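Trainee: Quick one: structure below, then a few questions.
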Amino acid sequence: MARRNAFGGLMLKILLAAVIVGSLFQAPAAAAPVCSVFCDTRDPSLARQEKFPVADRIINGRRLVLHVSDVDAMAWGSIDDGVTGDSVWLDRSWDDGSSWDGLLGKASIPSTWTGTRTLMYNLADPANHRRGMIRACGDANAVNCTDWVYVNACDAACDKADPSTAVGDNQPVPATTLNGRQIALHIDNRGMAWGALSNGRAGDEVWLDRSWNEGASWPGGSSLGRIGVGAGATSTRTTLFATRDPKLLLYGGAVRACGRAVEGNNGSCTAWARPADNRAAAAADALIYDYNPDTAWWPSSWWNSAVSVTTVMDYQQRTGRTDYSWVIDRTFEVNKGVFPAGVKSSDAIEGNFVSRAIDDTEWWGIAWIQAYDLTHDPKYLAMAQTIADYVQGYWDTGTCGGGVWWDRERTYKNAVTIGLYVRMTAALHNRMPGDTTWLNRATTGWNWFVASGMVNSAGLVNDGLDASCHNNGGTVWTYNQGLAIGGALELWRATGNASQLAFAKRMADAAIASSTLSPNGVLTESCDAAGNCDDNQKQFKGVFMRYLLDLVKVDAGYRAYAQHQADTVWQADRDPLNHLGLHWSGPPTVRDWRTQASGLNALLN
């Protein structure tokens with residue numbers, strides 16, 4: 001009996017050892033591929049950078065290395081000084097290393113070689129709002145792994161920074177109470193967060209939770225900085241934690257402060273909040289949160305994505321920030337191709353951002369002119385010219401004496417299409433030394449628009465022309481008013497014609513004075529009050545603000561109105577996650593990425 005007990009004990013030890021090894025080097029089911037700027041299994045020879053942020057491991061004389069490209073947000077592993085059959089792979093964890101997708105890209109050293117490497121895998125999954133960590137593992141008659149890379153999130157500072165280094169102190173959401181204790185979330189002026197507990201007793205605890213998906217879940221982000229109140233004390237605070245991780249293309253982190261009282265089994269948390277270092281940055285982070293880096297747009301609106309990426313570029317230009325620069329190139333490179341109807345738009349996209357919707361195509365032309373201004377990369381200006389050449393094919397003097405058709409079927413001549421045309425053609429001229437062609441087209445378009453009758457007696461732009469080529473009395477939309485400002489202003493820069501600048505000011509004055517567009521001094525769409533604006537109309541006010549702020553550069557007298565819009569949307573139509581809504585004067589109603597882009601335009605004053 002004693003021998004059987006000893007044998008049973010030995011078997012138990014073996015089984016326990018197997019469980020421990022299995023927990024360290026498990027081989028789970030194949031993981032779904034992740035796509036960010038690039039998709040998993042990219043060839044390492046295409047890496048744009050190579051870094052070694054964690055120490056190598058030696059396994060029986062073999063060298064195990066983790067390679068990282070921050071530019072690509074990807075990693076790969078290698079094993080060297082080995083023999084045939086030695087292998088290397090990556091593990092990737094989505095929950096701070098508690099579990100992982102293993103054996104990613106596993107490769108074995110082939111005959112006559114002494115080393116091999118894996119393919120590249122993404123460090124994070126921003127499309128699905130997951131923060132990851134990666135390590136390299138190898139098998140050379142023993143298994144070992146490197147440390148995990150990027151355990152801590154880093155932005156203005158890295159996770160676990162000293163609380164004394166906080167710059168400013170803001171409380172974005174109300175504190176919560178628990179048995180007389182107060183638990184508060186604090187954010188400094190850089191977006192670093194900490195939790196604090198006061199009016200407590202020894203043994204009470206406080207911590208942060210961090211979520212990358214707006215509080216829906218927080219794997220790997222629970223109990224950050226957890227700390228207890230010391231003997232004789234009544235308060236404590238956590239260390240600082242980042243709420244953005246630009247290196248991993250994660251910008252929209254949300255945090256909350258939680259605490260536990262020493263007596264009883266209970267706890268309480270504040271609401272979630274998404275901090276940032278200023279209003280525009282907060283709104284920009286929330287907009288980028290909805291950007292899909294895999295498909296390189298904001299699903300699922302084609303022209304709205306053009307306006308949104310233009311807004312992101314406006315933000316970068318005004319602030320000097322560069323951490324979204326990858327979004328510009330990614331959007332350009334992925335979307336310049338061909339897409340069947342129903343993929344990017346209800347219309348087919350035929351390459352070079354062209355479709356049957358002429359105004360949709362023009363929005364992309366405006367976007368790439370802004371990209372050229374920001375980056376000075378000639379490929380963007382060349383694309384804008386390609387787009388403008390296509391649009392020029394729909395200038396037609398046979399109906400209403402001129403103007404650009406709204407669609408390929410030539411059914412309508414309207415304000416948005418001609419407004420975009422004038423702005424785009426004048427902007428091309430202003431960026432092409434020696435040009436006369438685009439200037440002539442811009443001037444011709446401008447003269448036609450002014451004479452078309454679309455501007456009514458109140459100085460407001462109706463939607464378009466009827467079958468008799470008269471003002472159709474259609475809805476006065478804010479974006480048409482804004483494009484009238486923007487087109488006149490850009491042409492004035494080309495010609496110096498004072499009447500064009502005066503026209504831009506007249507359009508702005510009319511909008512500001514209008515009880516329709518500016519009731520109580522707040523920019524308003526006719527559909528705002530009912531909250532039934534469609535996906536297009538949600539973005540109109542932002543277009544107006546873009547061109548009004550362009551006018552502010554020329555005449556600062558319009559700044560007060562612009563500032564009032566920024567203050568109003570921030571104070572009356574924003575939630576703790578910095579979502580900006582449809583109805584700027586409040587109360588908060590509809591919010592999505594389209595209203596977010598529109599509101600961000602207002603904050604760029």
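Chain lettering (A, B, ...) mirrors the order of the structure tokens, residue numbering begins at 1 for each chain separately, and ligand numbering begins at 1 in order of display.
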Mind checking DSSP for stretch 27-194 of chain A and telling me the strand (DSSP E) residues as an NGL selection string?
Mentor: :A and (57-59 or 62-69 or 74-80 or 87-93 or 101-108 or 116-117 or 121-122 or 133-139 or 143-145 or 176-178 or 181-187 or 193-194)
Trainee: Applying 8 Å and only C-alpha atoms, which residues near A:Arg42 remain after dropping the ones on its own chain fewer than 3 positions away? List them as a list in words.
Mentor: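 Counting only the stated atoms, we get Phe38, Cys39, Leu46, Leu119, Met120 and Tyr121 of chain A.
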Trainee: Using Å and a single decimal, report how far atom CA of A:Ile366 sits from atom CA of A:Pro246.
Mentor: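 Calculated distance between atom CA of A:Pro246 and atom CA of A:Ile366 is 27.0 Å.
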Trainee: Mind checking which residues fall within 10 Å of A:Asp294, counting only C-alpha atoms, ignoring those fewer than 6 positions away in the same chain, and posting them as a ChimeraX atom specification?
Mentor: /A:34-39,125-127,330-331,334
Trainee: Measuring atom to atom with only C-alpha atoms, identify which of A:Leu420, A:Val327, A:Ala367, A:Leu185 is nearest to A:Asn304.
Mentor: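 Using only C-alpha atoms, A:Asn304 sits closest to A:Ala367.
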Trainee: Can you tell me, as a VMD selection string, what residues are no more than 8 Å from stretch 144-146 of chain A when counting only C-alpha atoms, ignoring any on the same chain fewer than 4 positions away?
Mentor: chain A and resid 54 to 57 59 64 to 66 135 to 139
Trainee: Find the residues around stretch 211-218 of chain A up to 8 Å (only C-alpha atoms counted), leave out those fewer than 2 positions away in its own chain, and share them as a list in words.
Mentor: Asn128, His129, Arg130, Arg131, Asp209, Gly220, Gly221, Ser222, Leu250, Gly252, Gly253, Ala254, Val255, Trp272, Arg274 and Leu577 of chain A
Trainee: I want to know what sits within 6 Å of A:Gly453, based on only C-alpha atoms, with residues of the same chain fewer than 2 positions away left out; could you give that as a ChimeraX atom specification?
Mentor: /A:451,455,471
Trainee: May I have the selected residues written with N, CA and C atoms, as a compact mmCIF listing (two decimals), in the first residue's frame?
Mentor:
# COMPACT_ATOMS: atom_id res chain seq x y z
N ALA A 451 -24.46 83.85 -60.70
CA ALA A 451 -25.58 84.24 -61.57
C ALA A 451 -26.70 83.21 -61.59
N VAL A 455 -28.53 81.61 -54.65
CA VAL A 455 -28.47 82.43 -53.44
C VAL A 455 -29.73 83.29 -53.40
N ASN A 471 -34.00 78.90 -59.00
CA ASN A 471 -33.85 78.47 -57.60
C ASN A 471 -35.04 77.61 -57.23
Trainee: How many Å lie between atom CA of A:Lys160 and atom CA of A:Met192, rounded to one decimal?
Mentor: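 It comes out at 10.1 Å.
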Trainee: Fewer than 3 positions away in the same chain doesn't count, so skip those; otherwise give me all residues within 7 Å of A:Pro340, counting only C-alpha atoms, as a list in words.
Mentor: Val343, Ala348 and Ile349 of chain A
Trainee: Closest to A:Ser598 among A:Leu491, A:Ile358, A:Val391, A:Val309, using only C-alpha atoms?
Mentor: A:Val309
Trainee: Quick one: of A:Ser93, A:Thr444, A:Thr243, A:Ser98, who's nearest to A:Asp159, counting only C-alpha atoms?
Mentor: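 Closest to A:Asp159 of all the choices is A:Thr243.
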Trainee: Considering only C-alpha atoms, give me a table of residues in stretch 243-358 of chain A that are at most 12 Å from stretch 227-230 of chain A, with the closest atom pair and distance in Å for each, as a Markdown table.
Mentor:
| residue | atom | partner | partner_atom | distance |
| --- | --- | --- | --- | --- |
| A:Ala257 | CA | A:Ile227 | CA | 12.0 |
| A:Cys258 | CA | A:Ile227 | CA | 10.9 |
| A:Gly259 | CA | A:Gly228 | CA | 9.4 |
| A:Arg260 | CA | A:Gly228 | CA | 9.2 |
| A:Ala261 | CA | A:Gly228 | CA | 9.8 |
| A:Val262 | CA | A:Gly228 | CA | 9.3 |
Trainee: Here is a test: counting only C-alpha atoms, which residue of A:Ala161, A:Ala271, A:Val354, A:Val569 is nearest to A:Trp302?
Mentor: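 Selected residue with least distance to A:Trp302: A:Val354.
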Trainee: Could you give me, as an NGL selection string, each residue of stretch 422-469 of chain A that DSSP assigns to helix (DSSP H, G or I) when run on this structure's backbone?
Mentor: :A and (422-430 or 437-451)
Trainee: Print the selection's residues with N, CA, C and O atoms to a file, as an mmCIF file, in the first residue's frame.
Mentor:
data_model
loop_
_atom_site.group_PDB
_atom_site.id
_atom_site.type_symbol
_atom_site.label_atom_id
_atom_site.label_comp_id
_atom_site.auth_asym_id
_atom_site.auth_seq_id
_atom_site.Cartn_x
_atom_site.Cartn_y
_atom_site.Cartn_z
ATOM 1 N N VAL A 422 -15.809 74.883 -57.361
ATOM 2 C CA VAL A 422 -15.078 76.152 -57.291
ATOM 3 C C VAL A 422 -13.941 76.049 -56.290
ATOM 4 O O VAL A 422 -12.804 76.468 -56.563
ATOM 5 N N ARG A 423 -14.220 75.497 -55.114
ATOM 6 C CA ARG A 423 -13.158 75.368 -54.105
ATOM 7 C C ARG A 423 -12.022 74.492 -54.622
ATOM 8 O O ARG A 423 -10.843 74.822 -54.468
ATOM 9 N N MET A 424 -12.337 73.376 -55.224
ATOM 10 C CA MET A 424 -11.324 72.421 -55.675
ATOM 11 C C MET A 424 -10.486 72.991 -56.819
ATOM 12 O O MET A 424 -9.246 72.904 -56.799
ATOM 13 N N THR A 425 -11.129 73.580 -57.804
ATOM 14 C CA THR A 425 -10.376 74.089 -58.954
ATOM 15 C C THR A 425 -9.517 75.290 -58.567
ATOM 16 O O THR A 425 -8.366 75.407 -59.010
ATOM 17 N N ALA A 426 -10.048 76.166 -57.724
ATOM 18 C CA ALA A 426 -9.254 77.312 -57.271
ATOM 19 C C ALA A 426 -8.080 76.846 -56.425
ATOM 20 O O ALA A 426 -6.965 77.385 -56.528
ATOM 21 N N ALA A 427 -8.308 75.825 -55.586
ATOM 22 C CA ALA A 427 -7.229 75.300 -54.747
ATOM 23 C C ALA A 427 -6.134 74.661 -55.595
ATOM 24 O O ALA A 427 -4.934 74.800 -55.292
ATOM 25 N N LEU A 428 -6.512 73.962 -56.646
ATOM 26 C CA LEU A 428 -5.496 73.390 -57.539
ATOM 27 C C LEU A 428 -4.648 74.496 -58.167
ATOM 28 O O LEU A 428 -3.417 74.405 -58.214
ATOM 29 N N HIS A 429 -5.294 75.533 -58.652
ATOM 30 C CA HIS A 429 -4.542 76.649 -59.227
ATOM 31 C C HIS A 429 -3.558 77.226 -58.213
ATOM 32 O O HIS A 429 -2.393 77.508 -58.556
ATOM 33 N N ASN A 430 -4.001 77.400 -56.986
ATOM 34 C CA ASN A 430 -3.167 78.028 -55.965
ATOM 35 C C ASN A 430 -1.978 77.163 -55.554
ATOM 36 O O ASN A 430 -1.086 77.646 -54.845
ATOM 37 N N THR A 437 -5.169 77.012 -66.502
ATOM 38 C CA THR A 437 -6.341 76.182 -66.827
ATOM 39 C C THR A 437 -7.305 76.104 -65.656
ATOM 40 O O THR A 437 -8.515 76.352 -65.799
ATOM 41 N N TRP A 438 -6.785 75.755 -64.486
ATOM 42 C CA TRP A 438 -7.660 75.578 -63.334
ATOM 43 C C TRP A 438 -8.227 76.915 -62.868
ATOM 44 O O TRP A 438 -9.362 76.978 -62.381
ATOM 45 N N LEU A 439 -7.447 77.962 -63.001
ATOM 46 C CA LEU A 439 -7.969 79.280 -62.628
ATOM 47 C C LEU A 439 -9.135 79.673 -63.530
ATOM 48 O O LEU A 439 -10.159 80.196 -63.053
ATOM 49 N N ASN A 440 -8.999 79.432 -64.820
ATOM 50 C CA ASN A 440 -10.094 79.756 -65.738
ATOM 51 C C ASN A 440 -11.345 78.956 -65.400
ATOM 52 O O ASN A 440 -12.465 79.473 -65.444
ATOM 53 N N ARG A 441 -11.149 77.703 -65.065
ATOM 54 C CA ARG A 441 -12.301 76.854 -64.714
ATOM 55 C C ARG A 441 -12.946 77.328 -63.413
ATOM 56 O O ARG A 441 -14.184 77.367 -63.295
ATOM 57 N N ALA A 442 -12.119 77.659 -62.438
ATOM 58 C CA ALA A 442 -12.651 78.140 -61.159
ATOM 59 C C ALA A 442 -13.432 79.433 -61.351
ATOM 60 O O ALA A 442 -14.535 79.609 -60.795
ATOM 61 N N THR A 443 -12.890 80.346 -62.152
ATOM 62 C CA THR A 443 -13.552 81.624 -62.382
ATOM 63 C C THR A 443 -14.861 81.436 -63.126
ATOM 64 O O THR A 443 -15.887 82.054 -62.792
ATOM 65 N N THR A 444 -14.843 80.578 -64.138
ATOM 66 C CA THR A 444 -16.069 80.294 -64.887
ATOM 67 C C THR A 444 -17.132 79.680 -63.979
ATOM 68 O O THR A 444 -18.313 80.055 -64.035
ATOM 69 N N GLY A 445 -16.717 78.727 -63.150
ATOM 70 C CA GLY A 445 -17.650 78.103 -62.213
ATOM 71 C C GLY A 445 -18.215 79.102 -61.226
ATOM 72 O O GLY A 445 -19.422 79.080 -60.910
ATOM 73 N N TRP A 446 -17.357 79.974 -60.733
ATOM 74 C CA TRP A 446 -17.787 80.992 -59.780
ATOM 75 C C TRP A 446 -18.813 81.931 -60.402
ATOM 76 O O TRP A 446 -19.870 82.191 -59.813
ATOM 77 N N ASN A 447 -18.495 82.437 -61.575
ATOM 78 C CA ASN A 447 -19.410 83.365 -62.232
ATOM 79 C C ASN A 447 -20.766 82.715 -62.491
ATOM 80 O O ASN A 447 -21.819 83.348 -62.346
ATOM 81 N N TRP A 448 -20.746 81.437 -62.881
ATOM 82 C CA TRP A 448 -22.011 80.744 -63.122
ATOM 83 C C TRP A 448 -22.807 80.612 -61.833
ATOM 84 O O TRP A 448 -24.019 80.850 -61.802
ATOM 85 N N PHE A 449 -22.140 80.243 -60.739
ATOM 86 C CA PHE A 449 -22.832 80.064 -59.461
ATOM 87 C C PHE A 449 -23.466 81.376 -59.004
ATOM 88 O O PHE A 449 -24.643 81.411 -58.608
ATOM 89 N N VAL A 450 -22.728 82.465 -59.070
ATOM 90 C CA VAL A 450 -23.244 83.752 -58.604
ATOM 91 C C VAL A 450 -24.477 84.167 -59.413
ATOM 92 O O VAL A 450 -25.434 84.748 -58.876
ATOM 93 N N ALA A 451 -24.456 83.850 -60.705
ATOM 94 C CA ALA A 451 -25.575 84.238 -61.574
ATOM 95 C C ALA A 451 -26.702 83.214 -61.588
ATOM 96 O O ALA A 451 -27.763 83.462 -62.197
#
Trainee: Just give me the gap between atom CA of A:Ala280 and atom CA of A:Ala572 in Å, one decimal is fine.
Mentor: 15.5 Å
Trainee: Choose the residue, out of A:Gly320, A:Gly225, A:Gly401, A:Pro378, that has the smallest atom-to-atom separation from A:Ala196; count only C-alpha atoms.
Mentor: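 Of A:Gly320, A:Gly225, A:Gly401, A:Pro378, the one nearest A:Ala196 is A:Gly225, counting only C-alpha atoms.
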